[in-house]
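Student: Structure: query.cif, mmCIF, C-alpha atoms (C1' of nucleotides).
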data_coords
loop_
_atom_site.label_atom_id
_atom_site.label_comp_id
_atom_site.auth_asym_id
_atom_site.auth_seq_id
_atom_site.Cartn_x
_atom_site.Cartn_y
_atom_site.Cartn_z
CA MET A 1 -32.32 0.72 11.35
CA SER A 2 -28.63 1.11 11.97
CA THR A 3 -27.43 2.92 8.93
CA SER A 4 -24.45 2.10 6.81
CA ALA A 5 -21.79 3.14 9.30
CA GLU A 6 -21.72 -0.16 11.16
CA ASP A 7 -22.13 -2.09 7.91
CA LEU A 8 -19.17 -0.23 6.48
CA ARG A 9 -17.09 -1.00 9.55
CA SER A 10 -17.77 -4.70 9.28
CA ILE A 11 -17.29 -4.85 5.53
CA ALA A 12 -14.03 -2.94 5.77
CA LEU A 13 -12.80 -5.12 8.59
CA THR A 14 -13.44 -8.29 6.63
CA GLU A 15 -11.72 -6.92 3.55
CA PHE A 16 -8.77 -5.53 5.50
CA ALA A 17 -8.29 -8.88 7.19
CA THR A 18 -8.66 -11.09 4.12
CA ALA A 19 -7.27 -8.98 1.29
CA GLY A 20 -5.01 -6.69 3.28
CA TYR A 21 -5.31 -3.05 4.25
CA SER A 22 -3.30 -1.55 1.44
CA ALA A 23 -4.79 -3.94 -1.10
CA THR A 24 -8.32 -2.89 -0.20
CA SER A 25 -9.53 0.26 -1.92
CA LEU A 26 -12.26 2.52 -0.66
CA HIS A 27 -13.95 1.92 -3.96
CA ARG A 28 -14.19 -1.81 -3.25
CA ILE A 29 -15.55 -1.24 0.24
CA ALA A 30 -18.12 1.13 -1.21
CA ASP A 31 -19.11 -1.40 -3.86
CA LEU A 32 -19.55 -4.17 -1.32
CA ALA A 33 -21.74 -1.85 0.74
CA GLY A 34 -23.72 -0.71 -2.29
CA LEU A 35 -22.58 2.87 -1.82
CA SER A 36 -20.30 5.32 -3.53
CA LYS A 37 -16.76 5.99 -2.43
CA SER A 38 -17.84 9.47 -1.37
CA SER A 39 -20.37 7.99 1.02
CA VAL A 40 -17.70 5.91 2.69
CA LEU A 41 -15.66 9.06 3.20
CA TYR A 42 -18.76 10.76 4.53
CA HIS A 43 -19.05 8.27 7.39
CA PHE A 44 -15.30 7.91 7.94
CA SER A 45 -13.17 10.89 7.11
CA SER A 46 -10.32 8.78 5.80
CA LYS A 47 -9.32 5.20 5.09
CA GLU A 48 -7.20 5.24 8.23
CA THR A 49 -10.14 6.44 10.32
CA LEU A 50 -12.12 3.50 8.99
CA LEU A 51 -9.33 1.17 10.01
CA GLU A 52 -9.25 2.67 13.48
CA ALA A 53 -12.99 2.26 13.88
CA ALA A 54 -12.71 -1.30 12.67
CA VAL A 55 -10.11 -2.46 15.19
CA ALA A 56 -10.84 -0.20 18.16
CA PRO A 57 -13.22 -2.58 20.01
CA ALA A 58 -10.73 -5.42 19.80
CA ILE A 59 -7.96 -3.22 21.13
CA GLN A 60 -10.08 -2.12 24.08
CA ARG A 61 -10.95 -5.69 24.94
CA MET A 62 -7.36 -6.82 24.65
CA GLU A 63 -6.26 -4.03 26.96
CA GLN A 64 -8.75 -5.24 29.56
CA ILE A 65 -7.44 -8.78 29.31
CA LEU A 66 -3.84 -7.63 29.57
CA ASP A 67 -4.50 -5.38 32.55
CA LYS A 68 -6.15 -8.23 34.35
CA LEU A 69 -3.37 -10.64 33.45
CA GLU A 70 -0.61 -8.32 34.62
CA ALA A 71 -2.42 -7.49 37.83
CA SER A 72 -3.00 -11.09 38.82
CA ALA A 73 -0.35 -13.36 40.19
CA LEU A 74 0.63 -16.03 37.77
CA THR A 75 -1.05 -18.92 39.51
CA PRO A 76 -2.00 -21.94 37.43
CA GLU A 77 -5.62 -20.91 37.91
CA GLY A 78 -4.90 -17.39 36.73
CA ARG A 79 -3.03 -18.76 33.76
CA ARG A 80 -5.94 -20.94 32.78
CA ALA A 81 -8.45 -18.15 33.30
CA PHE A 82 -6.41 -15.94 31.01
CA LEU A 83 -6.20 -18.67 28.45
CA VAL A 84 -9.96 -19.11 28.27
CA GLU A 85 -10.43 -15.36 28.05
CA PHE A 86 -7.82 -15.20 25.34
CA VAL A 87 -9.40 -17.97 23.29
CA ASP A 88 -12.78 -16.30 23.51
CA PHE A 89 -11.13 -13.06 22.53
CA ILE A 90 -9.59 -14.38 19.34
CA LEU A 91 -12.80 -16.23 18.52
CA GLN A 92 -14.84 -13.07 18.86
CA TYR A 93 -12.34 -10.74 17.22
CA ARG A 94 -10.76 -13.15 14.81
CA ARG A 95 -10.70 -10.71 11.93
CA GLU A 96 -8.99 -8.04 14.00
CA VAL A 97 -6.53 -10.51 15.48
CA ASN A 98 -5.76 -11.76 12.02
CA MET A 99 -4.99 -8.22 10.95
CA PHE A 100 -2.55 -7.63 13.78
CA ILE A 101 -0.87 -10.98 13.32
CA ASN A 102 -0.53 -10.77 9.56
CA GLN A 103 -0.27 -7.08 8.84
CA GLY A 104 0.80 -5.57 12.13
CA PRO A 105 4.49 -5.43 11.32
CA SER A 106 3.85 -3.97 7.87
CA LEU A 107 1.39 -1.29 8.98
CA VAL A 108 3.69 0.51 11.34
CA ASP A 109 3.25 4.29 11.37
CA VAL A 110 -0.51 3.80 11.46
CA PRO A 111 -1.11 4.84 15.08
CA VAL A 112 -3.92 2.45 15.90
CA ILE A 113 -1.94 -0.46 14.52
CA ASP A 114 1.09 0.56 16.52
CA CYS A 115 -1.13 0.57 19.57
CA GLY A 116 -2.21 -2.97 18.81
CA ASN A 117 1.35 -4.04 18.15
CA GLU A 118 2.32 -2.70 21.55
CA LEU A 119 -0.33 -4.91 23.10
CA VAL A 120 1.17 -7.93 21.39
CA VAL A 121 4.59 -6.93 22.66
CA ARG A 122 3.17 -6.44 26.16
CA LEU A 123 1.74 -9.92 26.03
CA ALA A 124 4.96 -11.35 24.67
CA LYS A 125 7.03 -9.62 27.33
CA PHE A 126 4.77 -10.89 30.06
CA PHE A 127 5.22 -14.45 28.94
CA ALA A 128 8.92 -13.93 28.26
CA ALA A 129 9.38 -12.59 31.78
CA ASN A 130 7.73 -15.71 33.14
CA SER A 131 9.58 -18.13 30.90
CA ALA A 132 13.16 -19.09 31.49
CA THR A 133 13.93 -20.78 28.23
CA LEU A 134 13.77 -19.87 24.58
CA GLU A 135 11.44 -22.80 24.06
CA GLU A 136 8.87 -21.36 26.42
CA LYS A 137 8.97 -18.02 24.68
CA MET A 138 8.52 -19.72 21.35
CA ARG A 139 5.56 -21.66 22.70
CA PHE A 140 3.80 -18.40 23.30
CA GLY A 141 4.47 -17.13 19.81
CA ILE A 142 3.36 -20.36 18.21
CA ALA A 143 0.21 -20.43 20.31
CA LEU A 144 -0.74 -16.85 19.47
CA GLY A 145 0.21 -16.87 15.82
CA GLY A 146 -0.99 -20.40 15.25
CA ALA A 147 -4.40 -19.88 16.80
CA ALA A 148 -4.92 -16.70 14.83
CA TYR A 149 -3.79 -18.37 11.63
CA MET A 150 -5.98 -21.39 12.23
CA LEU A 151 -9.09 -19.33 12.83
CA CYS A 152 -8.69 -17.11 9.82
CA THR A 153 -7.82 -19.74 7.26
CA GLU A 154 -10.00 -22.57 8.45
CA ASP A 155 -12.34 -21.84 5.57
CA SER A 156 -9.68 -22.58 2.97
CA LEU A 157 -7.90 -25.33 4.91
CA ALA A 158 -10.45 -27.22 6.93
CA LEU A 159 -12.61 -29.11 4.50
CA GLN A 160 -15.77 -28.76 6.48
CA ALA A 161 -16.80 -25.98 8.80
CA ALA A 162 -16.64 -26.83 12.48
CA PRO A 163 -19.11 -25.61 15.09
CA VAL A 164 -17.79 -22.72 17.11
CA ASP A 165 -18.03 -24.48 20.46
CA GLU A 166 -16.06 -27.46 19.18
CA THR A 167 -13.43 -25.12 17.84
CA ARG A 168 -13.36 -23.33 21.17
CA THR A 169 -12.92 -26.52 23.16
CA ALA A 170 -10.17 -27.79 20.88
CA LEU A 171 -8.38 -24.44 21.01
CA ILE A 172 -8.44 -24.37 24.78
CA VAL A 173 -7.04 -27.87 24.98
CA ILE A 174 -4.28 -27.20 22.49
CA LEU A 175 -3.27 -23.83 23.92
CA THR A 176 -3.36 -25.19 27.43
CA GLY A 177 -0.85 -27.81 26.38
CA LEU A 178 1.29 -25.23 24.61
CA LEU A 179 1.32 -22.63 27.35
CA ALA A 180 1.52 -24.98 30.31
CA PRO A 181 4.57 -24.35 32.48
CA VAL A 182 7.40 -26.66 31.53
CA GLY A 183 7.28 -29.77 33.68
CA ALA A 184 3.62 -29.36 34.48
CA PRO A 185 1.34 -32.17 33.44
CA VAL A 186 -0.43 -31.56 30.15
CA ASN A 187 -3.65 -33.10 31.44
CA PRO A 188 -4.02 -31.99 35.06
CA GLU A 189 -7.11 -34.13 35.52
CA ASP A 190 -5.15 -37.38 35.34
CA MET B 1 30.09 -10.88 -9.16
CA SER B 2 26.49 -11.92 -9.15
CA THR B 3 24.74 -9.07 -10.77
CA SER B 4 21.70 -7.29 -9.44
CA ALA B 5 19.23 -9.99 -10.41
CA GLU B 6 19.82 -12.13 -7.34
CA ASP B 7 20.08 -9.04 -5.14
CA LEU B 8 16.77 -7.83 -6.46
CA ARG B 9 15.18 -11.18 -5.81
CA SER B 10 16.28 -11.17 -2.20
CA ILE B 11 15.38 -7.54 -1.59
CA ALA B 12 11.96 -8.02 -3.15
CA LEU B 13 11.36 -11.17 -1.15
CA THR B 14 12.15 -9.42 2.12
CA GLU B 15 9.92 -6.49 1.28
CA PHE B 16 7.09 -8.66 0.03
CA ALA B 17 7.23 -10.69 3.23
CA THR B 18 7.52 -7.81 5.68
CA ALA B 19 5.53 -5.00 4.05
CA GLY B 20 3.26 -7.08 1.84
CA TYR B 21 3.22 -7.65 -1.90
CA SER B 22 0.72 -4.98 -2.86
CA ALA B 23 2.18 -2.51 -0.40
CA THR B 24 5.63 -2.86 -1.92
CA SER B 25 6.22 -0.72 -5.00
CA LEU B 26 8.78 -1.41 -7.67
CA HIS B 27 10.14 2.02 -6.92
CA ARG B 28 10.92 1.00 -3.34
CA ILE B 29 12.61 -2.22 -4.41
CA ALA B 30 14.67 -0.24 -6.88
CA ASP B 31 15.64 2.28 -4.21
CA LEU B 32 16.73 -0.43 -1.79
CA ALA B 33 18.83 -1.97 -4.54
CA GLY B 34 20.29 1.38 -5.56
CA LEU B 35 18.80 1.10 -9.02
CA SER B 36 16.03 2.71 -10.99
CA LYS B 37 12.59 1.23 -11.39
CA SER B 38 13.35 0.66 -15.05
CA SER B 39 16.30 -1.52 -14.13
CA VAL B 40 14.12 -3.71 -11.97
CA LEU B 41 11.79 -4.18 -14.91
CA TYR B 42 14.77 -4.94 -17.09
CA HIS B 43 15.70 -7.95 -14.95
CA PHE B 44 12.12 -9.01 -14.25
CA SER B 45 9.56 -8.21 -16.87
CA SER B 46 6.86 -7.46 -14.31
CA LYS B 47 6.23 -7.23 -10.60
CA GLU B 48 4.53 -10.59 -10.73
CA THR B 49 7.51 -12.17 -12.47
CA LEU B 50 9.67 -10.87 -9.65
CA LEU B 51 7.33 -12.44 -7.13
CA GLU B 52 7.47 -15.75 -8.97
CA ALA B 53 11.25 -15.69 -9.02
CA ALA B 54 11.27 -14.85 -5.34
CA VAL B 55 9.16 -17.79 -4.17
CA ALA B 56 9.94 -20.42 -6.80
CA PRO B 57 12.79 -22.16 -4.90
CA ALA B 58 10.67 -22.51 -1.78
CA ILE B 59 7.82 -24.00 -3.80
CA GLN B 60 10.11 -26.54 -5.43
CA ARG B 61 11.53 -27.60 -2.09
CA MET B 62 8.10 -27.87 -0.53
CA GLU B 63 6.93 -30.04 -3.41
CA GLN B 64 9.84 -32.39 -2.75
CA ILE B 65 8.96 -32.64 0.91
CA LEU B 66 5.29 -33.26 0.17
CA ASP B 67 6.01 -35.91 -2.46
CA LYS B 68 8.21 -37.73 0.00
CA LEU B 69 5.66 -37.42 2.78
CA GLU B 70 2.78 -38.72 0.69
CA ALA B 71 4.85 -41.59 -0.68
CA SER B 72 5.99 -42.80 2.72
CA ALA B 73 3.86 -44.70 5.13
CA LEU B 74 2.92 -42.65 8.15
CA THR B 75 5.14 -44.42 10.61
CA PRO B 76 6.21 -42.52 13.70
CA GLU B 77 9.71 -42.43 12.23
CA GLY B 78 8.37 -41.07 8.95
CA ARG B 79 6.38 -38.49 10.84
CA ARG B 80 9.41 -37.35 12.74
CA ALA B 81 11.57 -37.29 9.64
CA PHE B 82 9.03 -35.10 7.94
CA LEU B 83 8.87 -32.83 10.92
CA VAL B 84 12.60 -32.20 10.95
CA GLU B 85 12.58 -31.61 7.21
CA PHE B 86 9.67 -29.23 7.64
CA VAL B 87 11.33 -27.26 10.42
CA ASP B 88 14.50 -26.90 8.34
CA PHE B 89 12.33 -25.85 5.44
CA ILE B 90 10.63 -23.00 7.25
CA LEU B 91 13.93 -21.97 8.80
CA GLN B 92 15.59 -21.76 5.39
CA TYR B 93 12.64 -20.24 3.55
CA ARG B 94 11.10 -18.28 6.37
CA ARG B 95 10.39 -15.22 4.26
CA GLU B 96 8.62 -17.25 1.60
CA VAL B 97 6.67 -19.24 4.18
CA ASN B 98 5.67 -16.02 5.86
CA MET B 99 4.35 -14.75 2.54
CA PHE B 100 2.20 -17.81 1.95
CA ILE B 101 0.89 -17.87 5.50
CA ASN B 102 0.08 -14.19 5.70
CA GLN B 103 -0.71 -13.18 2.16
CA GLY B 104 -1.57 -16.44 0.45
CA PRO B 105 -5.32 -16.09 0.82
CA SER B 106 -5.26 -12.48 -0.32
CA LEU B 107 -3.06 -13.01 -3.39
CA VAL B 108 -5.27 -15.47 -5.13
CA ASP B 109 -5.28 -15.10 -8.94
CA VAL B 110 -1.53 -14.74 -8.87
CA PRO B 111 -0.66 -18.15 -10.34
CA VAL B 112 2.51 -18.82 -8.39
CA ILE B 113 0.76 -17.98 -5.15
CA ASP B 114 -2.11 -20.26 -6.02
CA CYS B 115 0.42 -22.99 -6.60
CA GLY B 116 1.85 -22.41 -3.15
CA ASN B 117 -1.59 -22.31 -1.62
CA GLU B 118 -2.33 -25.68 -3.18
CA LEU B 119 0.74 -27.07 -1.47
CA VAL B 120 -0.55 -25.84 1.87
CA VAL B 121 -3.91 -27.44 1.15
CA ARG B 122 -2.17 -30.68 0.13
CA LEU B 123 -0.33 -30.68 3.43
CA ALA B 124 -3.49 -29.87 5.34
CA LYS B 125 -5.45 -32.62 3.59
CA PHE B 126 -2.74 -35.14 4.30
CA PHE B 127 -2.87 -34.40 7.98
CA ALA B 128 -6.65 -34.15 7.98
CA ALA B 129 -6.88 -37.57 6.34
CA ASN B 130 -4.69 -38.99 9.09
CA SER B 131 -6.46 -37.25 11.94
CA ALA B 132 -9.83 -38.33 13.22
CA THR B 133 -10.74 -35.33 15.33
CA LEU B 134 -11.10 -31.62 14.79
CA GLU B 135 -8.51 -31.09 17.46
CA GLU B 136 -5.90 -33.00 15.53
CA LYS B 137 -6.60 -30.99 12.42
CA MET B 138 -6.30 -27.79 14.37
CA ARG B 139 -3.02 -28.91 15.83
CA PHE B 140 -1.62 -29.02 12.34
CA GLY B 141 -2.83 -25.53 11.50
CA ILE B 142 -1.51 -24.10 14.72
CA ALA B 143 1.83 -25.78 14.23
CA LEU B 144 2.23 -24.54 10.68
CA GLY B 145 0.88 -21.06 11.16
CA GLY B 146 2.44 -20.64 14.57
CA ALA B 147 5.89 -21.69 13.53
CA ALA B 148 5.79 -19.40 10.53
CA TYR B 149 4.53 -16.52 12.64
CA MET B 150 7.14 -17.10 15.31
CA LEU B 151 10.01 -17.12 12.87
CA CYS B 152 8.97 -14.01 11.01
CA THR B 153 8.16 -11.81 13.98
CA GLU B 154 10.80 -12.98 16.40
CA ASP B 155 12.69 -9.78 15.72
CA SER B 156 9.87 -7.62 17.01
CA LEU B 157 8.68 -9.97 19.74
CA ALA B 158 11.67 -11.82 21.12
CA LEU B 159 13.76 -9.32 22.96
CA GLN B 160 17.06 -10.85 22.05
CA ALA B 161 17.98 -12.76 18.95
CA ALA B 162 18.37 -16.47 19.43
CA PRO B 163 20.95 -18.64 17.69
CA VAL B 164 19.49 -20.54 14.77
CA ASP B 165 20.32 -23.98 16.14
CA GLU B 166 18.61 -23.22 19.45
CA THR B 167 15.55 -22.02 17.59
CA ARG B 168 15.65 -25.16 15.47
CA THR B 169 15.85 -27.46 18.46
CA ALA B 170 13.05 -25.68 20.26
CA LEU B 171 10.87 -25.73 17.16
CA ILE B 172 11.36 -29.45 16.67
CA VAL B 173 10.44 -30.13 20.28
CA ILE B 174 7.34 -27.96 20.19
CA LEU B 175 6.08 -29.19 16.83
CA THR B 176 6.75 -32.79 17.81
CA GLY B 177 4.49 -32.28 20.77
CA LEU B 178 1.85 -30.59 18.66
CA LEU B 179 1.81 -33.08 15.82
CA ALA B 180 2.26 -36.23 17.87
CA PRO B 181 -0.56 -38.71 17.35
CA VAL B 182 -3.19 -38.36 20.03
CA GLY B 183 -2.45 -40.71 22.86
CA ALA B 184 1.20 -41.05 21.95
CA PRO B 185 3.70 -40.01 24.58
CA VAL B 186 5.03 -36.50 24.13
CA ASN B 187 8.54 -37.54 25.07
CA PRO B 188 9.11 -40.95 23.54
CA GLU B 189 12.51 -41.28 25.17
CA ASP B 190 11.03 -41.60 28.66
"C1'" DA C 1 -43.60 27.23 4.17
"C1'" DC C 2 -39.06 27.16 5.24
"C1'" DA C 3 -34.49 26.37 7.26
"C1'" DG C 4 -31.49 22.82 8.63
"C1'" DT C 5 -29.53 18.51 8.92
"C1'" DC C 6 -28.57 13.86 7.18
"C1'" DA C 7 -27.13 10.55 3.82
"C1'" DC C 8 -25.39 10.45 -0.35
"C1'" DT C 9 -23.45 11.41 -5.07
"C1'" DG C 10 -20.47 12.58 -9.34
"C1'" DA C 11 -16.89 15.40 -10.89
"C1'" DC C 12 -12.57 16.39 -10.05
"C1'" DC C 13 -7.64 16.67 -7.90
"C1'" DG C 14 -2.69 15.39 -7.18
"C1'" DA C 15 -0.01 11.45 -6.24
"C1'" DT C 16 1.45 7.03 -7.12
"C1'" DC C 17 1.00 2.72 -9.19
"C1'" DG C 18 2.88 -0.92 -12.85
"C1'" DG C 19 4.64 -0.84 -17.27
"C1'" DT C 20 6.64 0.91 -22.10
"C1'" DC C 21 10.07 2.93 -24.81
"C1'" DA C 22 14.00 5.32 -26.87
"C1'" DG C 23 18.41 5.99 -25.79
"C1'" DC C 24 22.83 5.99 -23.10
"C1'" DT C 25 27.39 3.71 -21.73
"C1'" DA C 26 30.55 0.04 -21.22
"C1'" DT C 27 32.07 -4.30 -22.44
"C1'" DT C 28 32.67 -8.08 -25.63
"C1'" DC C 29 33.01 -10.35 -29.99
"C1'" DT C 30 34.63 -10.51 -34.84
"C1'" DA D 1 37.50 -0.33 -35.96
"C1'" DG D 2 32.87 -1.65 -35.95
"C1'" DA D 3 28.71 -4.33 -34.45
"C1'" DA D 4 26.35 -6.35 -30.89
"C1'" DT D 5 24.99 -7.08 -26.44
"C1'" DA D 6 24.18 -6.22 -21.37
"C1'" DG D 7 22.94 -3.17 -17.89
"C1'" DC D 8 20.78 0.75 -16.89
"C1'" DT D 9 18.21 5.24 -17.12
"C1'" DG D 10 14.63 9.19 -17.49
"C1'" DA D 11 10.59 10.50 -19.75
"C1'" DC D 12 6.29 9.18 -20.38
"C1'" DC D 13 1.61 6.49 -20.35
"C1'" DG D 14 -3.03 5.05 -18.61
"C1'" DA D 15 -5.08 3.37 -14.49
"C1'" DT D 16 -6.08 3.68 -9.89
"C1'" DC D 17 -5.31 5.38 -5.45
"C1'" DG D 18 -7.10 8.43 -1.25
"C1'" DG D 19 -9.32 12.56 -0.68
"C1'" DT D 20 -12.02 17.28 -1.62
"C1'" DC D 21 -15.98 19.73 -2.86
"C1'" DA D 22 -20.31 21.54 -4.55
"C1'" DG D 23 -24.58 19.99 -4.90
"C1'" DT D 24 -29.07 17.04 -4.43
"C1'" DG D 25 -33.08 14.81 -2.42
"C1'" DA D 26 -35.39 13.31 1.80
"C1'" DC D 27 -36.73 14.11 6.20
"C1'" DT D 28 -37.41 17.01 10.53
"C1'" DG D 29 -38.38 20.81 13.57
"C1'" DT D 30 -40.33 25.40 13.70
#
Would you mind writing the structure in this file as structure tokens?
Tutor:
Amino acid sequence: MSTSAEDLRSIALTEFATAGYSATSLHRIADLAGLSKSSVLYHFSSKETLLEAAVAPAIQRMEQILDKLEASALTPEGRRAFLVEFVDFILQYRREVNMFINQGPSLVDVPVIDCGNELVVRLAKFFAANSATLEEKMRFGIALGGAAYMLCTEDSLALQAAPVDETRTALIVILTGLLAPVGAPVNPED
Amino acid sequence: MSTSAEDLRSIALTEFATAGYSATSLHRIADLAGLSKSSVLYHFSSKETLLEAAVAPAIQRMEQILDKLEASALTPEGRRAFLVEFVDFILQYRREVNMFINQGPSLVDVPVIDCGNELVVRLAKFFAANSATLEEKMRFGIALGGAAYMLCTEDSLALQAAPVDETRTALIVILTGLLAPVGAPVNPED
DNA sequence: ACAGTCACTGACCGATCGGTCAGCTATTCT
DNA sequence: AGAATAGCTGACCGATCGGTCAGTGACTGT
């Protein structure tokens, strides 16, 4: 059976995302895992190493998505393909995305977080380069930050839990409307 | 000359919003203010008191806006009036809003934060009660979280600073589109 | 039987945290 | 002049932080 290492990674990720990295002690992570603090430091040599392990998969995936986005021409089809990929990405890695959105700016000097922040900047620059107006740039920020916020606080805000596929569909619709090129129809199927 | 109390409040608010409440030490606040930690605790009897003083005005204002919203019928005009008020609110209190959006869930048990979180829930419930579909509810969350995210990270994301009134106009346009009743025209002036 | 590795632990370390307290200086009030 | 107050400070406190280290029991390969 997969030993505690993966459990620790997941527990730490959840705590880092919900309570905050600096507000989460190794002691608490150990308690939640039913281990001692020393055991946590046996699997991960430091708190920062644990953070890196927690967010690394999300960073790799985001790099893939960005590479593909930057390589493709910005056709409407490419834009929509990216959007679906992006929605699936934040659905799958919602805890990690929440960390970068909420704590990214405050966790500078942690290398892996800086790396993630650079990805956000890359994404922002790509959209900024393809948007003429301030409004378009802001649409991107609202879409990214808003989707991440929505996914990570839906427990406390939404009064009942929604099925993932419904959430996914709604997200795609909303983000499509937000990120559509200015002047383009919001519902292309009309 | 306004003594250090108001300076401390503002410095603490900025640090709490950008670095996080638990990641900000009284020592750092004191340093930024050019005072000693003891002086900070002279003006505010505890770190939590300082936090309360920092966010209290925003909470009061938000309560006003919510009272007015809940008292008014949900006419399109009322909806738009609220939206403008809300945009001005997050523009004026962007640091406080950023705190509640990013750290609200993690700072439970701090009474003043709980109070602010209740306001967010009140706002969410109001919109949920007036929206039939999951998508509509999510539009609210994306609008709120996205606008707050955009305003508080525009320094690191947007490559040049935008004038406040341009940001305001763009925000109103985007949020109007997001929060418009389903089926309503996005641009009513057509 | 024995050496080695793996998973884990408690004791301990220095640093830093929020907070207390006695005391200092400058100004104000009487 | 003398008392009181406001603003501020350094020394100090217990708690907790991330991290180190010596050791322990279980399991494995020889």
Student: I need the chain A residues near chain B as number ranges by chain; criterion: at most 8 Å, counting all atoms listed in the file.
Tutor: A: 18-20, 22-23, 101-103, 105-107, 120-121, 124-125, 128, 134-135, 137-139, 141-147, 149-150, 153, 156-158, 162, 166-167, 170-171, 174, 178
Student: Write to file, as a PDB file, in the coordinates of the input, the residues of the selection just made, with C-alpha atoms.
Tutor:
ATOM      1  CA  THR A  18      -8.660 -11.090   4.120  1.00  0.00           C
ATOM      2  CA  ALA A  19      -7.270  -8.980   1.290  1.00  0.00           C
ATOM      3  CA  GLY A  20      -5.010  -6.690   3.280  1.00  0.00           C
ATOM      4  CA  SER A  22      -3.300  -1.550   1.440  1.00  0.00           C
ATOM      5  CA  ALA A  23      -4.790  -3.940  -1.100  1.00  0.00           C
ATOM      6  CA  ILE A 101      -0.870 -10.980  13.320  1.00  0.00           C
ATOM      7  CA  ASN A 102      -0.530 -10.770   9.560  1.00  0.00           C
ATOM      8  CA  GLN A 103      -0.270  -7.080   8.840  1.00  0.00           C
ATOM      9  CA  PRO A 105       4.490  -5.430  11.320  1.00  0.00           C
ATOM     10  CA  SER A 106       3.850  -3.970   7.870  1.00  0.00           C
ATOM     11  CA  LEU A 107       1.390  -1.290   8.980  1.00  0.00           C
ATOM     12  CA  VAL A 120       1.170  -7.930  21.390  1.00  0.00           C
ATOM     13  CA  VAL A 121       4.590  -6.930  22.660  1.00  0.00           C
ATOM     14  CA  ALA A 124       4.960 -11.350  24.670  1.00  0.00           C
ATOM     15  CA  LYS A 125       7.030  -9.620  27.330  1.00  0.00           C
ATOM     16  CA  ALA A 128       8.920 -13.930  28.260  1.00  0.00           C
ATOM     17  CA  LEU A 134      13.770 -19.870  24.580  1.00  0.00           C
ATOM     18  CA  GLU A 135      11.440 -22.800  24.060  1.00  0.00           C
ATOM     19  CA  LYS A 137       8.970 -18.020  24.680  1.00  0.00           C
ATOM     20  CA  MET A 138       8.520 -19.720  21.350  1.00  0.00           C
ATOM     21  CA  ARG A 139       5.560 -21.660  22.700  1.00  0.00           C
ATOM     22  CA  GLY A 141       4.470 -17.130  19.810  1.00  0.00           C
ATOM     23  CA  ILE A 142       3.360 -20.360  18.210  1.00  0.00           C
ATOM     24  CA  ALA A 143       0.210 -20.430  20.310  1.00  0.00           C
ATOM     25  CA  LEU A 144      -0.740 -16.850  19.470  1.00  0.00           C
ATOM     26  CA  GLY A 145       0.210 -16.870  15.820  1.00  0.00           C
ATOM     27  CA  GLY A 146      -0.990 -20.400  15.250  1.00  0.00           C
ATOM     28  CA  ALA A 147      -4.400 -19.880  16.800  1.00  0.00           C
ATOM     29  CA  TYR A 149      -3.790 -18.370  11.630  1.00  0.00           C
ATOM     30  CA  MET A 150      -5.980 -21.390  12.230  1.00  0.00           C
ATOM     31  CA  THR A 153      -7.820 -19.740   7.260  1.00  0.00           C
ATOM     32  CA  SER A 156      -9.680 -22.580   2.970  1.00  0.00           C
ATOM     33  CA  LEU A 157      -7.900 -25.330   4.910  1.00  0.00           C
ATOM     34  CA  ALA A 158     -10.450 -27.220   6.930  1.00  0.00           C
ATOM     35  CA  ALA A 162     -16.640 -26.830  12.480  1.00  0.00           C
ATOM     36  CA  GLU A 166     -16.060 -27.460  19.180  1.00  0.00           C
ATOM     37  CA  THR A 167     -13.430 -25.120  17.840  1.00  0.00           C
ATOM     38  CA  ALA A 170     -10.170 -27.790  20.880  1.00  0.00           C
ATOM     39  CA  LEU A 171      -8.380 -24.440  21.010  1.00  0.00           C
ATOM     40  CA  ILE A 174      -4.280 -27.200  22.490  1.00  0.00           C
ATOM     41  CA  LEU A 178       1.290 -25.230  24.610  1.00  0.00           C
TER      42      LEU A 178
END
Student: Using all atoms listed in the file and a cut-off of 10 Å, which residues of chain C sit close to chain B? Please list them as a PyMOL selection string.
Tutor: chain C and resi 16-20
Student: Enter the distance from atom C1' of C:DG4 to atom CA of A:Glu6, in Å, rounded to one decimal.
Tutor: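 Distance reported for this atom pair: 25.1 Å.
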Student: Extract, using only C-alpha atoms (C1' of nucleotides), all DNA, RNA and protein residues at most 12 Å from C:DT30, discarding same-chain residues fewer than 4 positions from it, and format them as number ranges by chain.
Tutor: D: 1-4
Student: One number please: atom CA of A:Ile113 to atom CA of A:Arg61, in Å, one decimal.
Tutor: 14.7 Å
Student: Check which residues of chain D sit at most 9 Å from chain A using all atoms listed in the file, and return one row each with the closest pair of atoms and their distance in Å to one decimal, ordered by chain and rising number, as JSON lines.
Tutor:
{"residue": "D:DC17", "atom": "C1'", "partner": "A:Ser25", "partner_atom": "CA", "distance": 7.5}
{"residue": "D:DG18", "atom": "C1'", "partner": "A:Lys47", "partner_atom": "CA", "distance": 7.5}
{"residue": "D:DG19", "atom": "C1'", "partner": "A:Ser46", "partner_atom": "CA", "distance": 7.6}
Student: Residues picked by the PyMOL selection byres ((chain D and resi 10-13) around 10) here, as a PDB file with C-alpha atoms (C1' of nucleotides), in the frame of the given file?
Tutor:
ATOM      1  CA  SER B  36      16.030   2.710 -10.990  1.00  0.00           C
ATOM      2  CA  SER B  38      13.350   0.660 -15.050  1.00  0.00           C
TER       3      SER B  38
ATOM      4  C1'  DG C  19       4.640  -0.840 -17.270  1.00  0.00           C
ATOM      5  C1'  DT C  20       6.640   0.910 -22.100  1.00  0.00           C
ATOM      6  C1'  DC C  21      10.070   2.930 -24.810  1.00  0.00           C
ATOM      7  C1'  DA C  22      14.000   5.320 -26.870  1.00  0.00           C
ATOM      8  C1'  DG C  23      18.410   5.990 -25.790  1.00  0.00           C
TER       9       DG C  23
ATOM     10  C1'  DT D   9      18.210   5.240 -17.120  1.00  0.00           C
ATOM     11  C1'  DG D  14      -3.030   5.050 -18.610  1.00  0.00           C
ATOM     12  C1'  DA D  15      -5.080   3.370 -14.490  1.00  0.00           C
TER      13       DA D  15
END
